[in-house]
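The data block below is structure_18.cif; it holds mmCIF, C-alpha atoms.
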data_input
#
loop_
_atom_site.label_atom_id
_atom_site.label_comp_id
_atom_site.auth_asym_id
_atom_site.auth_seq_id
_atom_site.Cartn_x
_atom_site.Cartn_y
_atom_site.Cartn_z
CA MET A 1 -2.54 39.55 -30.96
CA GLY A 2 -1.62 42.84 -32.71
CA LYS A 3 0.15 44.14 -29.64
CA THR A 4 2.22 40.97 -29.23
CA VAL A 5 3.36 41.16 -32.84
CA ASP A 6 4.29 44.85 -32.51
CA VAL A 7 6.37 44.18 -29.41
CA LYS A 8 8.09 41.27 -31.14
CA SER A 9 8.93 43.33 -34.25
CA LYS A 10 10.32 46.10 -32.06
CA ILE A 11 12.48 43.65 -30.09
CA LEU A 12 13.81 42.09 -33.29
CA ALA A 13 14.56 45.49 -34.87
CA GLU A 14 16.57 46.53 -31.80
CA ASN A 15 18.30 43.15 -31.89
CA ASP A 16 19.28 43.64 -35.53
CA ARG A 17 20.73 47.08 -34.79
CA LEU A 18 23.01 45.65 -32.11
CA ALA A 19 23.87 42.60 -34.24
CA HIS A 20 24.98 44.99 -36.98
CA GLN A 21 27.36 46.70 -34.52
CA ILE A 22 28.84 43.36 -33.50
CA ARG A 23 29.29 42.38 -37.15
CA GLU A 24 31.04 45.70 -37.95
CA ARG A 25 33.39 45.30 -35.02
CA PHE A 26 34.51 41.80 -36.05
CA SER A 27 34.71 42.79 -39.67
CA ARG A 28 37.45 45.27 -38.67
CA THR A 29 39.44 42.63 -36.77
CA LYS A 30 38.70 39.92 -39.41
CA THR A 31 37.47 37.66 -36.65
CA LEU A 32 35.29 34.79 -37.79
CA VAL A 33 32.19 34.65 -35.57
CA VAL A 34 30.35 31.34 -35.34
CA ASN A 35 26.99 30.89 -33.55
CA LEU A 36 26.47 27.28 -32.41
CA VAL A 37 22.86 26.11 -32.00
CA SER A 38 21.60 22.70 -30.87
CA SER A 39 19.45 20.82 -28.38
CA PRO A 40 20.75 20.55 -24.83
CA GLY A 41 23.38 17.82 -24.67
CA SER A 42 24.24 17.61 -28.38
CA GLY A 43 27.88 18.27 -27.55
CA LYS A 44 28.49 21.96 -28.27
CA THR A 45 30.90 22.40 -25.36
CA THR A 46 32.64 19.09 -26.02
CA LEU A 47 33.17 20.07 -29.67
CA LEU A 48 34.64 23.40 -28.57
CA GLU A 49 36.94 21.71 -26.03
CA ALA A 50 38.27 19.49 -28.82
CA THR A 51 38.54 22.53 -31.13
CA ALA A 52 40.60 24.37 -28.51
CA LYS A 53 42.91 21.38 -28.24
CA ALA A 54 43.27 21.02 -32.02
CA LEU A 55 43.85 24.67 -32.96
CA THR A 56 45.70 26.21 -29.95
CA PRO A 57 48.13 27.94 -30.09
CA ARG A 58 48.05 28.29 -33.88
CA LEU A 59 44.80 30.25 -33.73
CA ARG A 60 43.51 32.65 -31.10
CA MET A 61 40.02 31.74 -29.99
CA ALA A 62 37.42 32.81 -27.44
CA CYS A 63 33.85 31.92 -26.59
CA VAL A 64 30.75 33.62 -25.27
CA VAL A 65 28.53 30.90 -23.86
CA GLY A 66 24.84 31.15 -22.94
CA ASP A 67 22.99 29.04 -20.42
CA VAL A 68 19.84 29.32 -18.35
CA ALA A 69 21.86 28.57 -15.22
CA THR A 70 25.36 27.48 -14.01
CA GLU A 71 28.82 28.55 -15.21
CA ARG A 72 29.70 24.94 -16.04
CA ASP A 73 30.31 25.36 -19.76
CA ALA A 74 32.55 28.44 -19.45
CA GLU A 75 34.58 26.64 -16.78
CA ARG A 76 35.05 23.63 -19.05
CA LEU A 77 36.18 25.82 -21.96
CA LYS A 78 38.63 27.78 -19.80
CA ALA A 79 40.06 24.51 -18.52
CA ALA A 80 40.53 23.48 -22.17
CA GLY A 81 42.51 26.68 -22.80
CA MET A 82 39.81 28.78 -24.47
CA PRO A 83 38.99 32.16 -22.88
CA ALA A 84 35.27 32.06 -22.19
CA TYR A 85 32.57 34.30 -20.77
CA GLN A 86 29.37 32.85 -19.37
CA ILE A 87 26.05 34.60 -19.99
CA LEU A 88 23.31 33.48 -17.61
CA THR A 89 19.89 34.09 -19.12
CA GLY A 90 18.01 33.30 -15.89
CA GLY A 91 15.30 31.38 -17.68
CA GLY A 92 15.69 33.01 -21.11
CA CYS A 93 15.60 30.45 -23.91
CA HIS A 94 18.07 32.04 -26.34
CA LEU A 95 20.83 34.64 -26.61
CA ASP A 96 20.11 38.02 -28.15
CA ALA A 97 22.49 40.63 -29.52
CA ARG A 98 22.18 42.81 -26.41
CA LEU A 99 23.31 39.97 -24.14
CA VAL A 100 26.23 39.22 -26.45
CA SER A 101 27.21 42.91 -26.70
CA GLU A 102 27.24 43.29 -22.94
CA ALA A 103 29.21 40.08 -22.51
CA LEU A 104 31.83 41.22 -25.03
CA ALA A 105 32.15 44.56 -23.20
CA GLU A 106 32.72 42.72 -19.92
CA ALA A 107 34.92 39.93 -21.25
CA HIS A 108 37.77 42.08 -22.63
CA PHE A 109 38.90 39.28 -24.96
CA GLU A 110 42.14 39.98 -26.86
CA ASP A 111 41.71 40.22 -30.63
CA VAL A 112 40.95 36.70 -31.75
CA ASP A 113 40.83 34.82 -35.04
CA LEU A 114 37.75 32.87 -34.07
CA LEU A 115 34.94 33.86 -31.75
CA PHE A 116 32.43 31.19 -30.88
CA ILE A 117 29.00 31.99 -29.51
CA GLU A 118 27.65 28.87 -27.84
CA ASN A 119 23.92 29.47 -27.69
CA VAL A 120 21.50 28.25 -25.02
CA GLY A 121 20.61 24.56 -25.57
CA ASN A 122 17.46 24.93 -27.66
CA LEU A 123 16.86 23.96 -31.29
CA ILE A 124 14.02 26.44 -31.83
CA CYS A 125 14.21 29.88 -30.20
CA PRO A 126 17.83 30.84 -31.04
CA THR A 127 17.01 30.51 -34.74
CA SER A 128 15.42 33.96 -35.16
CA TYR A 129 18.09 36.02 -33.39
CA ASP A 130 20.98 37.48 -35.37
CA LEU A 131 23.96 37.81 -33.00
CA GLY A 132 26.27 39.46 -35.52
CA GLU A 133 27.76 36.08 -36.44
CA ASP A 134 29.22 35.20 -39.82
CA PHE A 135 27.04 32.12 -39.79
CA LYS A 136 25.09 29.72 -37.62
CA VAL A 137 26.02 26.09 -37.15
CA ALA A 138 23.41 23.45 -36.24
CA LEU A 139 24.71 20.49 -34.25
CA LEU A 140 22.84 17.19 -34.10
CA SER A 141 24.09 14.17 -32.17
CA VAL A 142 23.48 10.69 -33.54
CA THR A 143 21.69 9.74 -30.31
CA GLU A 144 18.92 12.30 -30.99
CA GLY A 145 17.47 10.40 -33.94
CA ASP A 146 17.60 10.82 -37.70
CA ASP A 147 14.24 12.59 -38.05
CA LYS A 148 15.37 15.99 -36.81
CA PRO A 149 16.06 18.26 -39.83
CA PHE A 150 12.45 18.13 -41.10
CA LYS A 151 11.13 18.38 -37.52
CA TYR A 152 13.19 21.53 -36.87
CA PRO A 153 13.36 23.03 -40.36
CA ALA A 154 14.08 26.66 -39.41
CA ILE A 155 17.52 26.09 -37.97
CA PHE A 156 18.54 23.53 -40.58
CA SER A 157 17.46 25.95 -43.34
CA ARG A 158 19.47 28.83 -41.93
CA ALA A 159 22.66 27.18 -40.70
CA ALA A 160 25.71 27.27 -42.96
CA ALA A 161 26.85 23.95 -41.52
CA ALA A 162 25.12 20.89 -40.08
CA VAL A 163 27.56 19.11 -37.80
CA ILE A 164 26.69 15.57 -36.78
CA THR A 165 28.27 14.85 -33.37
CA LYS A 166 28.95 11.71 -31.28
CA ALA A 167 29.58 9.63 -34.41
CA ASP A 168 31.55 7.22 -32.17
CA LEU A 169 28.12 6.05 -30.90
CA LEU A 170 26.79 5.20 -34.40
CA ALA A 171 27.33 1.47 -33.80
CA HIS A 172 24.97 1.55 -30.80
CA VAL A 173 21.99 3.50 -32.16
CA HIS A 174 19.75 3.50 -35.21
CA PHE A 175 20.70 6.65 -37.12
CA ASP A 176 20.55 6.84 -40.91
CA LEU A 177 23.26 9.35 -41.87
CA GLY A 178 22.18 9.32 -45.53
CA LYS A 179 18.61 10.26 -44.60
CA VAL A 180 19.74 13.13 -42.33
CA ARG A 181 22.10 14.45 -45.00
CA GLU A 182 19.32 14.34 -47.59
CA GLU A 183 16.86 16.20 -45.33
CA ALA A 184 19.48 18.82 -44.45
CA LYS A 185 20.39 19.32 -48.13
CA THR A 186 16.72 19.56 -49.10
CA LEU A 187 16.24 22.38 -46.60
CA ASN A 188 19.48 24.09 -47.60
CA PRO A 189 21.36 22.85 -50.68
CA ASP A 190 24.44 24.88 -49.71
CA VAL A 191 24.77 23.44 -46.21
CA GLU A 192 28.15 21.98 -45.27
CA PHE A 193 27.31 18.59 -43.87
CA MET A 194 29.93 16.95 -41.69
CA VAL A 195 30.22 13.97 -39.38
CA THR A 196 32.34 14.34 -36.25
CA SER A 197 33.24 12.80 -32.94
CA ALA A 198 35.01 14.87 -30.34
CA LEU A 199 35.74 11.77 -28.24
CA GLY A 200 36.49 9.06 -30.84
CA GLU A 201 36.46 8.32 -34.55
CA PRO A 202 36.24 10.06 -37.03
CA GLY A 203 37.49 13.01 -34.93
CA ILE A 204 36.89 16.65 -35.79
CA GLY A 205 39.26 17.17 -38.75
CA GLU A 206 36.51 18.05 -41.18
CA TRP A 207 35.14 20.65 -38.74
CA THR A 208 38.49 22.38 -38.11
CA ALA A 209 39.27 22.35 -41.87
CA PHE A 210 35.88 23.99 -42.49
CA LEU A 211 36.62 26.71 -39.91
CA GLU A 212 40.04 27.41 -41.39
CA GLN A 213 38.62 27.61 -44.91
CA ARG A 214 35.96 30.09 -43.75
CA MET A 215 38.57 32.19 -41.92
CA ALA A 216 40.75 32.31 -45.02
CA SER A 217 37.75 33.30 -47.09
CA LYS A 218 36.76 36.12 -44.71
CA ARG A 219 40.31 37.51 -44.80
CA ALA A 220 40.50 37.29 -48.58
CA GLN A 221 37.21 39.18 -48.88
CA ALA A 222 38.48 41.84 -46.48
CA ARG A 223 41.58 42.32 -48.66
CA VAL A 224 39.45 42.66 -51.81
CA GLY A 225 37.15 45.08 -49.97
CA SER A 226 40.02 47.34 -48.84
CA ALA A 227 41.95 47.19 -52.17
CA MET B 228 9.88 46.35 -21.07
CA GLY B 229 6.56 47.21 -19.31
CA LYS B 230 4.51 46.46 -22.39
CA THR B 231 6.22 43.11 -23.00
CA VAL B 232 5.58 42.03 -19.41
CA ASP B 233 1.92 43.09 -19.63
CA VAL B 234 1.41 41.10 -22.81
CA LYS B 235 3.11 38.07 -21.26
CA SER B 236 0.97 38.22 -18.09
CA LYS B 237 -2.16 38.52 -20.19
CA ILE B 238 -1.18 35.52 -22.32
CA LEU B 239 -0.42 33.44 -19.23
CA ALA B 240 -3.70 34.43 -17.52
CA GLU B 241 -5.68 33.37 -20.61
CA ASN B 242 -3.63 30.16 -20.72
CA ASP B 243 -4.45 29.39 -17.08
CA ARG B 244 -8.16 29.91 -17.71
CA LEU B 245 -8.14 27.34 -20.53
CA ALA B 246 -5.90 24.98 -18.56
CA HIS B 247 -8.44 25.08 -15.74
CA GLN B 248 -11.18 24.01 -18.19
CA ILE B 249 -9.07 21.09 -19.41
CA ARG B 250 -8.35 20.04 -15.81
CA GLU B 251 -12.07 20.16 -14.92
CA ARG B 252 -12.98 18.07 -17.94
CA PHE B 253 -10.50 15.31 -17.10
CA SER B 254 -11.37 15.47 -13.44
CA ARG B 255 -14.90 14.39 -14.40
CA THR B 256 -13.66 11.44 -16.48
CA LYS B 257 -10.90 10.59 -13.93
CA THR B 258 -8.39 10.64 -16.76
CA LEU B 259 -4.78 11.03 -15.69
CA VAL B 260 -3.16 13.75 -17.83
CA VAL B 261 0.62 13.70 -18.16
CA ASN B 262 2.65 16.45 -19.88
CA LEU B 263 6.00 15.14 -21.17
CA VAL B 264 8.81 17.69 -21.53
CA SER B 265 12.36 17.13 -22.78
CA SER B 266 15.00 18.15 -25.29
CA PRO B 267 14.49 17.06 -28.89
CA GLY B 268 15.51 13.43 -29.24
CA SER B 269 15.36 12.41 -25.58
CA GLY B 270 12.95 9.64 -26.48
CA LYS B 271 9.48 10.93 -25.60
CA THR B 272 7.81 9.21 -28.55
CA THR B 273 9.81 6.01 -28.08
CA LEU B 274 8.79 5.87 -24.40
CA LEU B 275 5.15 6.31 -25.39
CA GLU B 276 5.40 3.61 -28.08
CA ALA B 277 6.70 1.22 -25.42
CA THR B 278 4.00 2.40 -22.99
CA ALA B 279 1.30 1.66 -25.58
CA LYS B 280 2.74 -1.82 -26.05
CA ALA B 281 2.95 -2.48 -22.30
CA LEU B 282 -0.47 -1.19 -21.22
CA THR B 283 -2.79 -1.89 -24.19
CA PRO B 284 -5.51 -3.15 -24.04
CA ARG B 285 -5.67 -3.07 -20.23
CA LEU B 286 -5.74 0.74 -20.21
CA ARG B 287 -7.26 3.17 -22.67
CA MET B 288 -4.73 5.79 -23.75
CA ALA B 289 -4.42 8.68 -26.17
CA CYS B 290 -1.87 11.36 -26.96
CA VAL B 291 -1.82 14.95 -28.11
CA VAL B 292 1.63 15.58 -29.58
CA GLY B 293 3.23 18.93 -30.39
CA ASP B 294 5.92 19.59 -32.96
CA VAL B 295 7.20 22.54 -34.93
CA ALA B 296 6.74 20.57 -38.14
CA THR B 297 5.91 17.07 -39.48
CA GLU B 298 3.29 14.55 -38.36
CA ARG B 299 5.96 11.94 -37.70
CA ASP B 300 5.39 11.47 -33.98
CA ALA B 301 1.61 11.07 -34.21
CA GLU B 302 2.08 8.55 -37.03
CA ARG B 303 4.50 6.54 -34.91
CA LEU B 304 2.10 6.52 -31.95
CA LYS B 305 -0.87 5.49 -34.06
CA ALA B 306 1.23 2.68 -35.53
CA ALA B 307 1.96 1.59 -31.95
CA GLY B 308 -1.79 1.45 -31.24
CA MET B 309 -2.21 4.74 -29.37
CA PRO B 310 -4.76 7.21 -30.78
CA ALA B 311 -2.81 10.42 -31.38
CA TYR B 312 -3.46 13.93 -32.64
CA GLN B 313 -0.60 16.04 -34.00
CA ILE B 314 -0.44 19.74 -33.21
CA LEU B 315 1.85 21.66 -35.58
CA THR B 316 3.07 24.85 -33.95
CA GLY B 317 4.60 26.23 -37.17
CA GLY B 318 7.67 27.54 -35.38
CA GLY B 319 6.17 27.85 -31.91
CA CYS B 320 8.49 26.52 -29.21
CA HIS B 321 5.92 25.07 -26.78
CA LEU B 322 2.31 23.99 -26.46
CA ASP B 323 -0.21 26.23 -24.74
CA ALA B 324 -3.63 25.40 -23.34
CA ARG B 325 -5.43 26.91 -26.34
CA LEU B 326 -3.60 24.61 -28.77
CA VAL B 327 -4.35 21.61 -26.56
CA SER B 328 -8.05 22.59 -26.18
CA GLU B 329 -8.48 22.94 -29.92
CA ALA B 330 -6.70 19.64 -30.53
CA LEU B 331 -8.95 17.83 -28.04
CA ALA B 332 -12.03 19.30 -29.74
CA GLU B 333 -10.82 18.04 -33.12
CA ALA B 334 -9.47 14.70 -31.96
CA HIS B 335 -12.72 13.23 -30.57
CA PHE B 336 -10.82 10.76 -28.42
CA GLU B 337 -12.99 8.23 -26.57
CA ASP B 338 -12.89 8.53 -22.78
CA VAL B 339 -9.42 7.38 -21.80
CA ASP B 340 -7.67 6.39 -18.57
CA LEU B 341 -4.46 8.12 -19.54
CA LEU B 342 -3.97 11.16 -21.74
CA PHE B 343 -0.41 12.02 -22.67
CA ILE B 344 0.58 15.45 -23.91
CA GLU B 345 3.92 15.13 -25.68
CA ASN B 346 5.25 18.67 -25.71
CA VAL B 347 7.47 20.26 -28.37
CA GLY B 348 11.12 19.17 -27.98
CA ASN B 349 12.42 21.98 -25.77
CA LEU B 350 13.67 21.84 -22.20
CA ILE B 351 12.94 25.51 -21.45
CA CYS B 352 9.84 27.14 -22.92
CA PRO B 353 7.22 24.46 -22.14
CA THR B 354 8.01 24.83 -18.43
CA SER B 355 5.84 27.92 -17.82
CA TYR B 356 2.67 26.71 -19.55
CA ASP B 357 0.02 24.85 -17.60
CA LEU B 358 -1.81 22.56 -20.02
CA GLY B 359 -4.33 21.28 -17.50
CA GLU B 360 -2.16 18.25 -16.77
CA ASP B 361 -2.05 16.38 -13.46
CA PHE B 362 1.72 16.73 -13.58
CA LYS B 363 4.70 17.32 -15.81
CA VAL B 364 7.39 14.71 -16.47
CA ALA B 365 10.94 15.69 -17.44
CA LEU B 366 12.80 13.19 -19.59
CA LEU B 367 16.58 13.15 -19.85
CA SER B 368 18.51 10.65 -21.94
CA VAL B 369 21.86 9.37 -20.71
CA THR B 370 23.51 10.60 -23.93
CA GLU B 371 22.71 14.24 -23.07
CA GLY B 372 25.15 14.42 -20.18
CA ASP B 373 24.83 14.33 -16.41
CA ASP B 374 25.00 18.11 -15.87
CA LYS B 375 21.46 18.88 -17.00
CA PRO B 376 19.22 19.28 -13.89
CA PHE B 377 21.17 22.27 -12.53
CA LYS B 378 21.53 23.70 -16.06
CA TYR B 379 17.75 23.54 -16.63
CA PRO B 380 16.46 23.98 -13.08
CA ALA B 381 12.94 25.21 -13.87
CA ILE B 382 11.65 22.02 -15.44
CA PHE B 383 13.43 19.74 -12.97
CA SER B 384 11.96 21.77 -10.07
CA ARG B 385 8.42 21.53 -11.40
CA ALA B 386 8.22 18.00 -12.80
CA ALA B 387 6.66 15.31 -10.61
CA ALA B 388 8.93 12.74 -12.22
CA ALA B 389 12.39 12.77 -13.76
CA VAL B 390 12.66 9.87 -16.19
CA ILE B 391 16.13 8.88 -17.35
CA THR B 392 15.87 7.33 -20.81
CA LYS B 393 18.17 5.27 -23.07
CA ALA B 394 19.75 3.53 -20.07
CA ASP B 395 20.79 0.72 -22.46
CA LEU B 396 23.48 3.15 -23.69
CA LEU B 397 24.99 3.72 -20.21
CA ALA B 398 27.92 1.42 -20.98
CA HIS B 399 28.95 3.63 -23.91
CA VAL B 400 28.79 7.11 -22.39
CA HIS B 401 29.99 8.91 -19.29
CA PHE B 402 26.84 9.58 -17.25
CA ASP B 403 26.87 9.64 -13.46
CA LEU B 404 23.36 8.51 -12.45
CA GLY B 405 24.01 9.28 -8.78
CA LYS B 406 24.97 12.86 -9.58
CA VAL B 407 21.88 13.42 -11.71
CA ARG B 408 19.63 11.91 -9.06
CA GLU B 409 21.19 14.14 -6.42
CA GLU B 410 20.76 17.30 -8.52
CA ALA B 411 17.14 16.39 -9.34
CA LYS B 412 16.36 15.68 -5.67
CA THR B 413 18.02 18.93 -4.60
CA LEU B 414 15.75 20.87 -6.95
CA ASN B 415 12.67 18.87 -5.96
CA PRO B 416 12.88 16.50 -2.98
CA ASP B 417 9.55 14.90 -3.94
CA VAL B 418 10.54 14.06 -7.50
CA GLU B 419 10.07 10.45 -8.60
CA PHE B 420 13.40 9.54 -10.15
CA MET B 421 13.43 6.54 -12.45
CA VAL B 422 15.80 4.91 -14.91
CA THR B 423 14.34 3.42 -18.08
CA SER B 424 15.14 2.02 -21.47
CA ALA B 425 12.38 1.65 -24.04
CA LEU B 426 14.65 -0.43 -26.29
CA GLY B 427 16.66 -2.57 -23.85
CA GLU B 428 17.42 -3.05 -20.16
CA PRO B 429 16.09 -2.11 -17.61
CA GLY B 430 12.87 -1.64 -19.59
CA ILE B 431 10.04 0.66 -18.54
CA GLY B 432 8.47 -1.26 -15.65
CA GLU B 433 9.18 1.45 -13.11
CA TRP B 434 7.53 4.02 -15.39
CA THR B 435 4.34 2.03 -16.01
CA ALA B 436 4.08 1.18 -12.28
CA PHE B 437 4.38 4.90 -11.51
CA LEU B 438 1.59 5.74 -13.96
CA GLU B 439 -0.69 3.07 -12.54
CA GLN B 440 -0.07 4.24 -9.00
CA ARG B 441 -0.91 7.84 -9.97
CA MET B 442 -4.07 6.71 -11.77
CA ALA B 443 -5.20 4.76 -8.72
CA SER B 444 -4.50 7.75 -6.54
CA LYS B 445 -6.51 10.12 -8.76
CA ARG B 446 -9.48 7.73 -8.70
CA ALA B 447 -9.30 7.30 -4.93
CA GLN B 448 -9.25 11.08 -4.48
CA ALA B 449 -12.27 11.41 -6.78
CA ARG B 450 -14.16 8.87 -4.65
CA VAL B 451 -13.29 10.75 -1.47
CA GLY B 452 -14.28 14.03 -3.16
CA SER B 453 -17.70 12.74 -4.26
CA ALA B 454 -18.39 10.87 -1.00
#

Structure rendered as C-alpha cells:
Amino acid sequence: MGKTVDVKSKILAENDRLAHQIRERFSRTKTLVVNLVSSPGSGKTTLLEATAKALTPRLRMACVVGDVATERDAERLKAAGMPAYQILTGGGCHLDARLVSEALAEAHFEDVDLLFIENVGNLICPTSYDLGEDFKVALLSVTEGDDKPFKYPAIFSRAAAAVITKADLLAHVHFDLGKVREEAKTLNPDVEFMVTSALGEPGIGEWTAFLEQRMASKRAQARVGSA
Amino acid sequence: MGKTVDVKSKILAENDRLAHQIRERFSRTKTLVVNLVSSPGSGKTTLLEATAKALTPRLRMACVVGDVATERDAERLKAAGMPAYQILTGGGCHLDARLVSEALAEAHFEDVDLLFIENVGNLICPTSYDLGEDFKVALLSVTEGDDKPFKYPAIFSRAAAAVITKADLLAHVHFDLGKVREEAKTLNPDVEFMVTSALGEPGIGEWTAFLEQRMASKRAQARVGSA
C-alpha cells in the first residue's frame, strides 16, 4: 500500500498549493468563501436559493457548484439570481482545488462579497480537500436521522457550522435536535449549530446572520492586517 | 496521472478476485447476496429492520454493515433479530471485497437464505466495487428530491432495483414519482422500481416479494446448473 499512500500525499500536497492560491486571491478581495458539504438531497441548493432571495441585492454573491452529472443545480441558482458555474466531475466524488481554480478562471465572476462552493453530494470524501475556503459548513436534514454526527465524525469535527435543514418537516419525523446538537458540540465545541428551513418555519434568518457576522469579521481582520 | 491509474486498476483487480471468491461461496449455499447503496439517511437500516420483522423466521438472514464510525447500525439490526456484523472503515467511503471477506470470516454466520451488505452511506464511491453480490440495490428517499437518478447515474444504471423509501412522507414534500421512475428506467430499462415505506403506507410488501422472487430464481438456476 506504500505506493497508494505516496500518490495520495502527492495529490493532497498539490491540492493544498492550489487552495493556498485561492485563499490568497479572496483575501485580497475580502470575499468570504464558504464550502458546503452534505449528503445528496440535504438541501444545499435550496438553502442557497433562499440565501440569494434573502441577501440580493444587498450583497454580491456567486457559486461554484460540483456534481457528478447534470447542470441542474447551477441552473436553479441562476434562476434564483445567483451567478453560478457548474463543475461536472464525471464520476468524481468530491471537488478539489484544481477543479475550483479552473472553474473560477472560466466563470469570470465579478468581485463578490460571498462565494459559495457547493460540493458534490457526499458526506465523506469532500472532508479532506481544502478548496481555499474560509470554512466548511456541514448540512444535515432532519429527514436523514439524528445519528449522523457520530457516524460521520470527520466532517462534523472540521465544519465551522452545522446547519440543520428541512426543520419544517420536524413534526413528521423522529429527529432529536438536542441529541444532534450534543454530538456536534462533542466533536467540535466551537461549532455554530443552527436550525433552518428554506421552505417554511423557522426560515433561514440564523444562517444569513451567521454569514453576515463572518463577513464583517473577515473585513475587520483585513483592516487590522493592513493597518 | 499514470501512476494513480495503475494503482487504481491494481486495487480493482484484487477486489474482483476476492469478490469472485465471495460469489462462489454463496453460489454453493444458494444464498442471495444483496448490496444496498444509498446516501446517508435514506433508510437502509430501517428497511432491513422491517425486512427482518417481515421475513423472520421463515427465512434465515444476516447482514454485513459498513460505516465510517459507530456500531449503531449493527446494534439496530441485531435488536430487530437479524445477525449483523459491523465493519468500521475508519474514514473509508465504501466497502471493498477484502473488508467483506474479512468480516464474513469473523462473523461466523450460519448458512443463510439472504445475506445483506449494507454499504457505507454514499451514493458515489460504492458503485465501482463488486462485493460478490448477486445485485446492487439503490435506495432513494422521497425527502432527497426527485432529481437524483440523472445526478447520480452510475449507481442507478448498475442497480437491479431502485427502491424509493419513506413514501409515508410523500404528502409533505415535493417529489414527482413519475419523473424519478422515468429517469431510473432511462438509465436502466430493466430496473425494478418500487415504492416503499418501512414506517407507514404502502409498507414493504413489494420489496419482500422482489427478494423472494430473486431467491427462487437463484435456486432454480442452481438446480438447472447441477442437473

Result set, the PyMOL selection byres ((chain B) within 10 of (chain A)) on current file, as a ChimeraX atom specification: /B:228,230-231,233-235,238,265-270,294-300,317-321,347-352,354,367-381,393,395-396,399-400

Residues returned when the PyMOL selection byres ((chain A and resi 61) around 6) runs on this file, as a ChimeraX atom specification: /A:60,62,112-115

Determine, counting all atoms listed in the file, which protein, DNA and RNA residues have an atom within 9 Å of an atom of A:Arg158; residues of the same chain fewer than 5 positions away are not included. Present the result as a PDB file with C-alpha atoms, in the frame of the given file.
ATOM      1  CA  THR A 127      17.010  30.510 -34.740  1.00  0.00           C
ATOM      2  CA  PHE A 135      27.040  32.120 -39.790  1.00  0.00           C
ATOM      3  CA  LYS A 136      25.090  29.720 -37.620  1.00  0.00           C
ATOM      4  CA  VAL A 137      26.020  26.090 -37.150  1.00  0.00           C
ATOM      5  CA  ALA A 138      23.410  23.450 -36.240  1.00  0.00           C
ATOM      6  CA  PRO A 153      13.360  23.030 -40.360  1.00  0.00           C
ATOM      7  CA  LEU A 187      16.240  22.380 -46.600  1.00  0.00           C
ATOM      8  CA  ASN A 188      19.480  24.090 -47.600  1.00  0.00           C
ATOM      9  CA  VAL A 191      24.770  23.440 -46.210  1.00  0.00           C
TER      10      VAL A 191
END

Enclose stretch 106-121 of chain A, meaning all of its atoms listed in the file, in a box aligned along x, y and z, pad it by 8 Å on each side, and list the centre and edge lengths in Å to one decimal, as lines of an AutoDock Vina configuration file.
center_x = 31.4
center_y = 33.6
center_z = -27.5
size_x = 37.5
size_y = 34.2
size_z = 31.1

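Around the coordinate (-7.5, 22.4, -29.3), residues that reach within 12 Å when counting only C-alpha atoms are B:Leu245, B:Ala246, B:Gln248, B:Ile249, B:Val291, B:Val292, B:Gly293, B:Tyr312, B:Gln313, B:Ile314, B:Leu315, B:Thr316, B:Leu322, B:Asp323, B:Ala324, B:Arg325, B:Leu326, B:Val327, B:Ser328, B:Glu329, B:Ala330, B:Leu331, B:Ala332, B:Glu333, B:Ala334, B:His335, B:Ile344, B:Leu358.
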
Please, could you write that set of residues out with C-alpha atoms as a CSV table (one decimal), in the coordinates of the input?
chain,number,residue,atom,x,y,z
B,245,LEU,CA,-8.1,27.3,-20.5
B,246,ALA,CA,-5.9,25.0,-18.6
B,248,GLN,CA,-11.2,24.0,-18.2
B,249,ILE,CA,-9.1,21.1,-19.4
B,291,VAL,CA,-1.8,15.0,-28.1
B,292,VAL,CA,1.6,15.6,-29.6
B,293,GLY,CA,3.2,18.9,-30.4
B,312,TYR,CA,-3.5,13.9,-32.6
B,313,GLN,CA,-0.6,16.0,-34.0
B,314,ILE,CA,-0.4,19.7,-33.2
B,315,LEU,CA,1.8,21.7,-35.6
B,316,THR,CA,3.1,24.8,-34.0
B,322,LEU,CA,2.3,24.0,-26.5
B,323,ASP,CA,-0.2,26.2,-24.7
B,324,ALA,CA,-3.6,25.4,-23.3
B,325,ARG,CA,-5.4,26.9,-26.3
B,326,LEU,CA,-3.6,24.6,-28.8
B,327,VAL,CA,-4.4,21.6,-26.6
B,328,SER,CA,-8.0,22.6,-26.2
B,329,GLU,CA,-8.5,22.9,-29.9
B,330,ALA,CA,-6.7,19.6,-30.5
B,331,LEU,CA,-9.0,17.8,-28.0
B,332,ALA,CA,-12.0,19.3,-29.7
B,333,GLU,CA,-10.8,18.0,-33.1
B,334,ALA,CA,-9.5,14.7,-32.0
B,335,HIS,CA,-12.7,13.2,-30.6
B,344,ILE,CA,0.6,15.4,-23.9
B,358,LEU,CA,-1.8,22.6,-20.0
